[in-house]
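S.K.: Contents of upload16.tsv (TSV, C-alpha atoms):
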```tsv
chain	number	residue	atom	x	y	z
N	1	ASP	CA	214.79	119.96	210.11
N	2	ILE	CA	214.31	123.72	209.90
N	3	GLN	CA	212.53	125.21	212.91
N	4	MET	CA	210.50	128.41	212.69
N	5	THR	CA	210.01	130.62	215.75
N	6	GLN	CA	207.45	133.41	215.76
N	7	SER	CA	207.10	136.26	218.23
N	8	PRO	CA	205.08	137.40	219.96
N	9	TYR	CA	202.71	134.52	220.66
N	10	THR	CA	199.86	136.96	221.31
N	11	LEU	CA	199.58	140.62	220.37
N	12	SER	CA	196.96	143.10	221.60
N	13	ALA	CA	196.42	146.10	219.34
N	14	SER	CA	193.89	148.76	218.42
N	15	ILE	CA	192.35	149.75	215.10
N	16	GLY	CA	194.83	151.88	213.19
N	17	ASP	CA	197.90	150.52	214.97
N	18	ARG	CA	201.02	149.48	213.10
N	19	VAL	CA	201.64	145.82	213.90
N	20	THR	CA	204.82	143.81	213.39
N	21	ILE	CA	205.24	140.05	213.77
N	22	THR	CA	208.67	138.42	213.66
N	23	CYS	CA	209.67	135.00	212.39
N	24	ARG	CA	213.10	133.46	212.82
N	25	ALA	CA	214.42	130.38	210.99
N	26	SER	CA	216.89	127.97	212.60
N	27	GLN	CA	219.05	128.18	209.46
N	28	SER	CA	219.13	130.31	206.35
N	29	ILE	CA	216.11	129.88	204.08
N	30	SER	CA	217.03	132.65	201.63
N	31	SER	CA	213.66	134.29	200.83
N	32	TRP	CA	211.59	131.10	200.81
N	33	LEU	CA	209.11	132.33	203.38
N	34	ALA	CA	205.35	132.79	203.32
N	35	TRP	CA	202.84	134.41	205.68
N	36	TYR	CA	199.27	133.20	206.19
N	37	GLN	CA	196.23	134.61	207.97
N	38	GLN	CA	193.77	132.27	209.64
N	39	LYS	CA	190.43	133.09	211.21
N	40	PRO	CA	188.64	130.70	213.61
N	41	GLY	CA	187.08	127.74	211.82
N	42	LYS	CA	188.50	128.77	208.46
N	43	ALA	CA	191.36	127.62	206.26
N	44	PRO	CA	194.56	129.66	206.18
N	45	LYS	CA	194.87	132.37	203.53
N	46	LEU	CA	198.14	133.19	201.77
N	47	LEU	CA	199.17	136.83	202.30
N	48	ILE	CA	202.86	137.02	201.38
N	49	TYR	CA	205.19	134.67	199.47
N	50	LYS	CA	208.90	134.81	198.78
N	51	ALA	CA	209.29	136.92	201.92
N	52	SER	CA	207.99	140.17	200.44
N	53	SER	CA	205.70	139.45	197.47
N	54	LEU	CA	202.05	140.34	198.07
N	55	GLU	CA	199.57	137.68	196.97
N	56	SER	CA	196.96	138.89	194.51
N	57	GLY	CA	193.93	140.42	196.19
N	58	VAL	CA	195.64	141.00	199.55
N	59	PRO	CA	195.38	144.59	200.84
N	60	SER	CA	198.51	146.70	200.51
N	61	ARG	CA	198.57	147.40	204.27
N	62	PHE	CA	200.21	143.97	204.56
N	63	SER	CA	203.91	143.79	203.81
N	64	GLY	CA	206.75	141.37	204.41
N	65	SER	CA	210.49	141.79	204.66
N	66	GLY	CA	213.65	139.92	205.52
N	67	SER	CA	215.93	137.23	204.18
N	68	GLY	CA	218.19	134.53	205.54
N	69	THR	CA	216.91	133.82	209.04
N	70	GLU	CA	215.00	136.95	210.13
N	71	PHE	CA	211.62	137.96	208.69
N	72	THR	CA	208.80	140.34	209.57
N	73	LEU	CA	205.16	140.75	208.66
N	74	THR	CA	203.87	144.29	209.06
N	75	ILE	CA	200.29	145.53	209.01
N	76	SER	CA	200.57	149.27	208.48
N	77	SER	CA	197.16	150.23	209.88
N	78	LEU	CA	195.23	147.48	211.64
N	79	GLN	CA	191.65	147.03	210.42
N	80	PRO	CA	188.74	145.15	212.08
N	81	ASP	CA	189.08	142.32	209.54
N	82	ASP	CA	192.72	141.77	210.54
N	83	PHE	CA	192.06	140.30	213.99
N	84	ALA	CA	193.15	136.73	213.36
N	85	SER	CA	196.08	134.35	213.77
N	86	TYR	CA	199.13	134.67	211.55
N	87	TYR	CA	201.61	131.95	210.62
N	88	CYS	CA	204.95	132.06	208.88
N	89	GLN	CA	206.07	129.08	206.78
N	90	GLN	CA	209.41	128.16	205.30
N	91	TYR	CA	209.54	126.25	202.03
N	92	ASP	CA	213.28	126.11	201.47
N	93	SER	CA	213.52	122.52	202.73
N	94	TYR	CA	210.21	120.72	202.94
N	95	TRP	CA	207.68	122.91	204.74
N	96	THR	CA	207.57	124.12	208.35
N	97	PHE	CA	205.19	126.53	210.04
N	98	GLY	CA	205.83	128.85	212.94
N	99	GLN	CA	203.69	128.36	216.02
N	100	GLY	CA	201.44	131.29	215.16
N	101	THR	CA	200.68	134.79	216.45
N	102	LYS	CA	197.19	135.73	217.57
N	103	VAL	CA	196.31	139.39	217.01
N	104	GLU	CA	193.65	140.42	219.52
N	105	ILE	CA	191.64	143.56	220.09
N	106	LYS	CA	193.14	145.79	222.78
D	1	GLU	CA	186.38	129.14	190.57
D	2	VAL	CA	189.48	127.46	191.93
D	3	GLN	CA	188.39	125.06	194.65
D	4	LEU	CA	189.56	122.17	196.81
D	5	LEU	CA	187.03	120.01	198.63
D	6	GLU	CA	188.13	117.46	201.23
D	7	SER	CA	186.11	114.47	202.37
D	8	GLY	CA	186.55	111.23	204.29
D	9	GLY	CA	187.11	112.47	207.80
D	10	GLY	CA	185.39	110.96	210.82
D	11	LEU	CA	185.78	109.10	214.09
D	12	VAL	CA	188.16	106.12	214.11
D	13	GLN	CA	189.59	103.96	216.88
D	14	PRO	CA	193.32	103.99	217.68
D	15	GLY	CA	195.11	101.64	215.31
D	16	GLY	CA	192.46	102.10	212.65
D	17	SER	CA	192.63	103.46	209.12
D	18	LEU	CA	191.00	106.23	207.15
D	19	ARG	CA	191.37	107.58	203.60
D	20	LEU	CA	190.94	111.26	202.93
D	21	SER	CA	190.12	112.65	199.49
D	22	CYS	CA	190.53	116.14	198.06
D	23	ALA	CA	188.64	116.99	194.86
D	24	ALA	CA	190.15	119.83	192.84
D	25	SER	CA	188.40	122.07	190.33
D	26	GLY	CA	189.00	125.31	188.48
D	27	PHE	CA	192.68	124.76	187.67
D	28	THR	CA	194.92	122.29	185.83
D	29	PHE	CA	195.37	119.83	188.70
D	30	SER	CA	198.05	117.80	186.94
D	31	SER	CA	200.39	120.81	186.77
D	32	TYR	CA	200.73	121.42	190.50
D	33	ALA	CA	202.25	119.71	193.50
D	34	MET	CA	199.85	119.22	196.38
D	35	SER	CA	200.15	118.88	200.14
D	36	TRP	CA	198.23	117.87	203.23
D	37	VAL	CA	198.45	120.11	206.30
D	38	ARG	CA	196.80	119.39	209.65
D	39	GLN	CA	195.78	121.40	212.68
D	40	ALA	CA	195.07	119.77	216.03
D	41	PRO	CA	192.30	121.39	218.08
D	42	GLY	CA	193.51	124.74	219.42
D	43	LYS	CA	196.99	124.23	217.96
D	44	GLY	CA	199.05	125.50	215.04
D	45	LEU	CA	199.54	124.24	211.50
D	46	GLU	CA	201.64	121.15	210.76
D	47	TRP	CA	202.68	120.10	207.26
D	48	VAL	CA	201.99	116.37	206.84
D	49	SER	CA	202.81	115.24	203.30
D	50	ALA	CA	203.39	116.44	199.75
D	51	ILE	CA	203.35	114.94	196.27
D	52	SER	CA	204.73	116.24	193.01
D	53	HIS	CA	202.48	116.92	190.04
D	54	SER	CA	202.91	113.46	188.44
D	55	SER	CA	200.55	110.58	189.12
D	56	GLY	CA	201.51	107.00	189.79
D	57	SER	CA	205.07	105.80	190.17
D	58	GLY	CA	206.39	108.93	188.46
D	59	GLY	CA	205.41	111.14	191.38
D	60	SER	CA	207.73	112.11	194.24
D	61	THR	CA	206.33	111.96	197.74
D	62	TYR	CA	207.43	113.55	201.01
D	63	TYR	CA	206.35	113.01	204.61
D	64	ALA	CA	206.73	114.62	208.00
D	65	GLY	CA	208.58	112.44	210.47
D	66	SER	CA	205.47	112.13	212.64
D	67	VAL	CA	203.55	110.25	209.92
D	68	LYS	CA	206.27	108.55	207.85
D	69	GLY	CA	205.58	104.85	207.46
D	70	ARG	CA	201.91	105.23	208.51
D	71	PHE	CA	200.47	107.67	205.95
D	72	THR	CA	200.57	107.44	202.15
D	73	ILE	CA	199.86	110.32	199.81
D	74	SER	CA	198.74	109.70	196.25
D	75	ARG	CA	196.90	111.42	193.43
D	76	ASP	CA	194.81	110.52	190.38
D	77	ASN	CA	195.23	113.26	187.80
D	78	SER	CA	192.51	111.72	185.62
D	79	LYS	CA	190.06	112.31	188.47
D	80	ASN	CA	191.57	115.60	189.72
D	81	THR	CA	191.78	114.07	193.16
D	82	LEU	CA	194.37	113.93	195.93
D	83	TYR	CA	194.34	111.22	198.59
D	84	LEU	CA	195.81	110.56	202.02
D	85	GLN	CA	195.71	106.99	203.28
D	86	MET	CA	196.15	107.02	207.05
D	87	ASN	CA	196.98	103.76	208.82
D	88	SER	CA	197.89	102.90	212.43
D	89	LEU	CA	196.14	106.04	213.59
D	90	ARG	CA	196.98	107.49	216.99
D	91	PRO	CA	195.09	109.91	219.25
D	92	GLU	CA	197.71	112.56	218.41
D	93	ASP	CA	196.62	112.39	214.75
D	94	THR	CA	193.32	114.01	215.76
D	95	ALA	CA	193.11	117.21	213.72
D	96	VAL	CA	191.47	119.08	210.90
D	97	TYR	CA	193.19	117.96	207.71
D	98	TYR	CA	193.53	120.48	204.87
D	99	CYS	CA	194.66	119.85	201.34
D	100	ALA	CA	196.60	122.70	199.75
D	101	LYS	CA	197.91	123.58	196.29
D	102	ASP	CA	201.40	124.81	195.51
D	103	ARG	CA	201.38	128.37	194.23
D	104	GLY	CA	203.74	127.68	191.35
D	105	THR	CA	204.30	124.76	189.01
D	106	THR	CA	207.79	124.06	190.38
D	107	MET	CA	207.54	121.90	193.49
D	108	GLY	CA	208.44	123.52	196.77
D	109	ASP	CA	206.32	126.64	197.00
D	110	ALA	CA	203.87	128.44	199.24
D	111	PHE	CA	200.28	127.20	199.33
D	112	ASP	CA	197.88	129.53	197.56
D	113	ILE	CA	194.66	127.50	197.62
D	114	TRP	CA	193.35	125.53	200.61
D	115	GLY	CA	190.34	123.32	201.10
D	116	GLN	CA	187.85	123.86	203.90
D	117	GLY	CA	189.26	120.96	205.92
D	118	THR	CA	187.95	117.63	207.15
D	119	MET	CA	188.01	116.59	210.80
D	120	VAL	CA	189.68	113.35	211.86
D	121	THR	CA	189.13	112.17	215.42
D	122	VAL	CA	191.08	109.20	216.77
D	123	SER	CA	189.51	107.95	219.96
D	124	SER	CA	188.16	104.81	221.57
```
Using structure tokens, write down the structure that the file contains.

M.R.:
Amino acid sequence: DIQMTQSPYTLSASIGDRVTITCRASQSISSWLAWYQQKPGKAPKLLIYKASSLESGVPSRFSGSGSGTEFTLTISSLQPDDFASYYCQQYDSYWTFGQGTKVEIK
Amino acid sequence: EVQLLESGGGLVQPGGSLRLSCAASGFTFSSYAMSWVRQAPGKGLEWVSAISHSSGSGGSTYYAGSVKGRFTISRDNSKNTLYLQMNSLRPEDTAVYYCAKDRGTTMGDAFDIWGQGTMVTVSS
């Protein structure tokens, strides 16, 4: 099974900050990686697919990069609506999620 | 509007059974693979099961190790509905269960549409 490890577990940041979340796969997954945002009590929302493709309707301040085993999600300028949890997911072999990163207000 | 609506959750005793349903609308249900994903209280997301776009015996099914042999995924494309039959339920199966749609028509993709979730509680 492919394991996904996210870091950090929690991130404290201020409005306007540049935020980066990292996701590492236990083996190469090419670019078969997605990023989701989840707010409390709500379903996850797809932000990025195929490592760097922005889902329709998602603000351009979100971007993804990486391939193989190392991936990053970057929020270029953190907005009030961005305080949430973020999950990476591999879909190269079945589906596995990272443990999540909670972005909190500093 | 593209929508998924889960139902069937509730309180069940350990060892009991429950069947979840997910009604799809706003897209060609029969063209997309579907999955169930769960989230235990205060925890992260866990993929549970997936099924290819075909109904009946023509469909391929996949399961996480934690539910294999206890859960069965199925779909009825004539009713635009996805199901999850859960047997031999354990307290650790307590979670919100989401259904989710594959983004593309080739199986093995990110999930672009999610339902609102249905809560399953396994407790005596």

S.K.: Go through stretch 17-46 of chain D residue by residue and, counting only C-alpha atoms, keep those with an atom at most 9 Å from stretch 90-106 of chain N; for each kept residue give the shortest atom pair and its distance in Å to one decimal, ordered by chain and increasing number, as JSON lines.

M.R.:
```
{"residue": "D:Lys43", "atom": "CA", "partner": "N:Gln99", "partner_atom": "CA", "distance": 8.1}
{"residue": "D:Gly44", "atom": "CA", "partner": "N:Gln99", "partner_atom": "CA", "distance": 5.5}
{"residue": "D:Leu45", "atom": "CA", "partner": "N:Phe97", "partner_atom": "CA", "distance": 6.3}
{"residue": "D:Glu46", "atom": "CA", "partner": "N:Phe97", "partner_atom": "CA", "distance": 6.5}
```

S.K.: So the first atom is atom CA of D:Ile113 and the second is atom CA of N:Phe62; what is the distance between them in Å, to one decimal place?

M.R.: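 Going from atom CA of D:Ile113 over to atom CA of N:Phe62 covers 18.7 Å.
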
S.K.: Restricting the calculation to only C-alpha atoms, which member of N:Ser12, N:Gln79, N:Ser26, N:Gln37 is positioned closest to chain D?

M.R.: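 The closest residue to chain D is N:Gln37.
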
S.K.: Quick check: residues of chain D within 8 Å of chain N, all atoms listed in the file, returned as a list in words.

M.R.: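 Close enough to count are Gly44, Leu45, Glu46, Trp47, Tyr62, Tyr98, Gly108, Asp109, Ala110, Phe111, Asp112, Ile113, Trp114, Gly115, Gln116 and Gly117 of chain D.
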
S.K.: As a PyMOL selection string, please: the residues near N:Arg61 (cut-off 9 Å, only C-alpha atoms, same-chain neighbours under 6 positions excluded).

M.R.: chain N and resi 74-78

S.K.: Which value, in Å to one decimal, gives the distance between atom CA of N:Ile21 and atom CA of D:Ser35?

M.R.: 25.7 Å

S.K.: What does the distance from atom CA of N:Glu70 to atom CA of D:Thr106 come to in Å, to one decimal?

M.R.: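 Answer for the atom CA of N:Glu70 to atom CA of D:Thr106 separation: 24.7 Å.
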
S.K.: N, CA and C atoms for stretch 88-101 of chain N, written as an mmCIF file, keeping the file's coordinate frame, could you do that?

M.R.:
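Below is the file that was written, result.cif:
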```
data_model
loop_
_atom_site.group_PDB
_atom_site.id
_atom_site.type_symbol
_atom_site.label_atom_id
_atom_site.label_comp_id
_atom_site.auth_asym_id
_atom_site.auth_seq_id
_atom_site.Cartn_x
_atom_site.Cartn_y
_atom_site.Cartn_z
ATOM 1 N N CYS N 88 203.916 132.076 209.903
ATOM 2 C CA CYS N 88 204.950 132.060 208.880
ATOM 3 C C CYS N 88 205.201 130.609 208.481
ATOM 4 N N GLN N 89 205.784 130.419 207.307
ATOM 5 C CA GLN N 89 206.070 129.080 206.780
ATOM 6 C C GLN N 89 207.322 129.154 205.920
ATOM 7 N N GLN N 90 208.256 128.251 206.186
ATOM 8 C CA GLN N 90 209.410 128.160 205.300
ATOM 9 C C GLN N 90 209.165 127.072 204.283
ATOM 10 N N TYR N 91 209.644 127.295 203.047
ATOM 11 C CA TYR N 91 209.540 126.250 202.030
ATOM 12 C C TYR N 91 210.873 126.103 201.294
ATOM 13 N N ASP N 92 211.952 126.339 202.030
ATOM 14 C CA ASP N 92 213.280 126.110 201.470
ATOM 15 C C ASP N 92 213.629 124.628 201.492
ATOM 16 N N SER N 93 213.283 123.947 202.563
ATOM 17 C CA SER N 93 213.520 122.520 202.730
ATOM 18 C C SER N 93 212.277 121.901 203.338
ATOM 19 N N TYR N 94 211.544 121.167 202.540
ATOM 20 C CA TYR N 94 210.210 120.720 202.940
ATOM 21 C C TYR N 94 209.399 121.962 203.346
ATOM 22 N N TRP N 95 208.518 121.791 204.323
ATOM 23 C CA TRP N 95 207.680 122.910 204.740
ATOM 24 C C TRP N 95 207.555 122.883 206.265
ATOM 25 N N THR N 96 207.717 124.020 206.897
ATOM 26 C CA THR N 96 207.570 124.120 208.350
ATOM 27 C C THR N 96 206.860 125.429 208.673
ATOM 28 N N PHE N 97 205.912 125.349 209.597
ATOM 29 C CA PHE N 97 205.190 126.530 210.040
ATOM 30 C C PHE N 97 205.723 127.023 211.383
ATOM 31 N N GLY N 98 205.623 128.322 211.601
ATOM 32 C CA GLY N 98 205.830 128.850 212.940
ATOM 33 C C GLY N 98 204.633 128.500 213.809
ATOM 34 N N GLN N 99 204.732 128.774 215.090
ATOM 35 C CA GLN N 99 203.690 128.360 216.020
ATOM 36 C C GLN N 99 202.476 129.265 215.999
ATOM 37 N N GLY N 100 202.581 130.400 215.298
ATOM 38 C CA GLY N 100 201.440 131.290 215.160
ATOM 39 C C GLY N 100 201.476 132.481 216.089
ATOM 40 N N THR N 101 200.851 133.572 215.651
ATOM 41 C CA THR N 101 200.680 134.790 216.450
ATOM 42 C C THR N 101 199.228 135.201 216.376
#
```
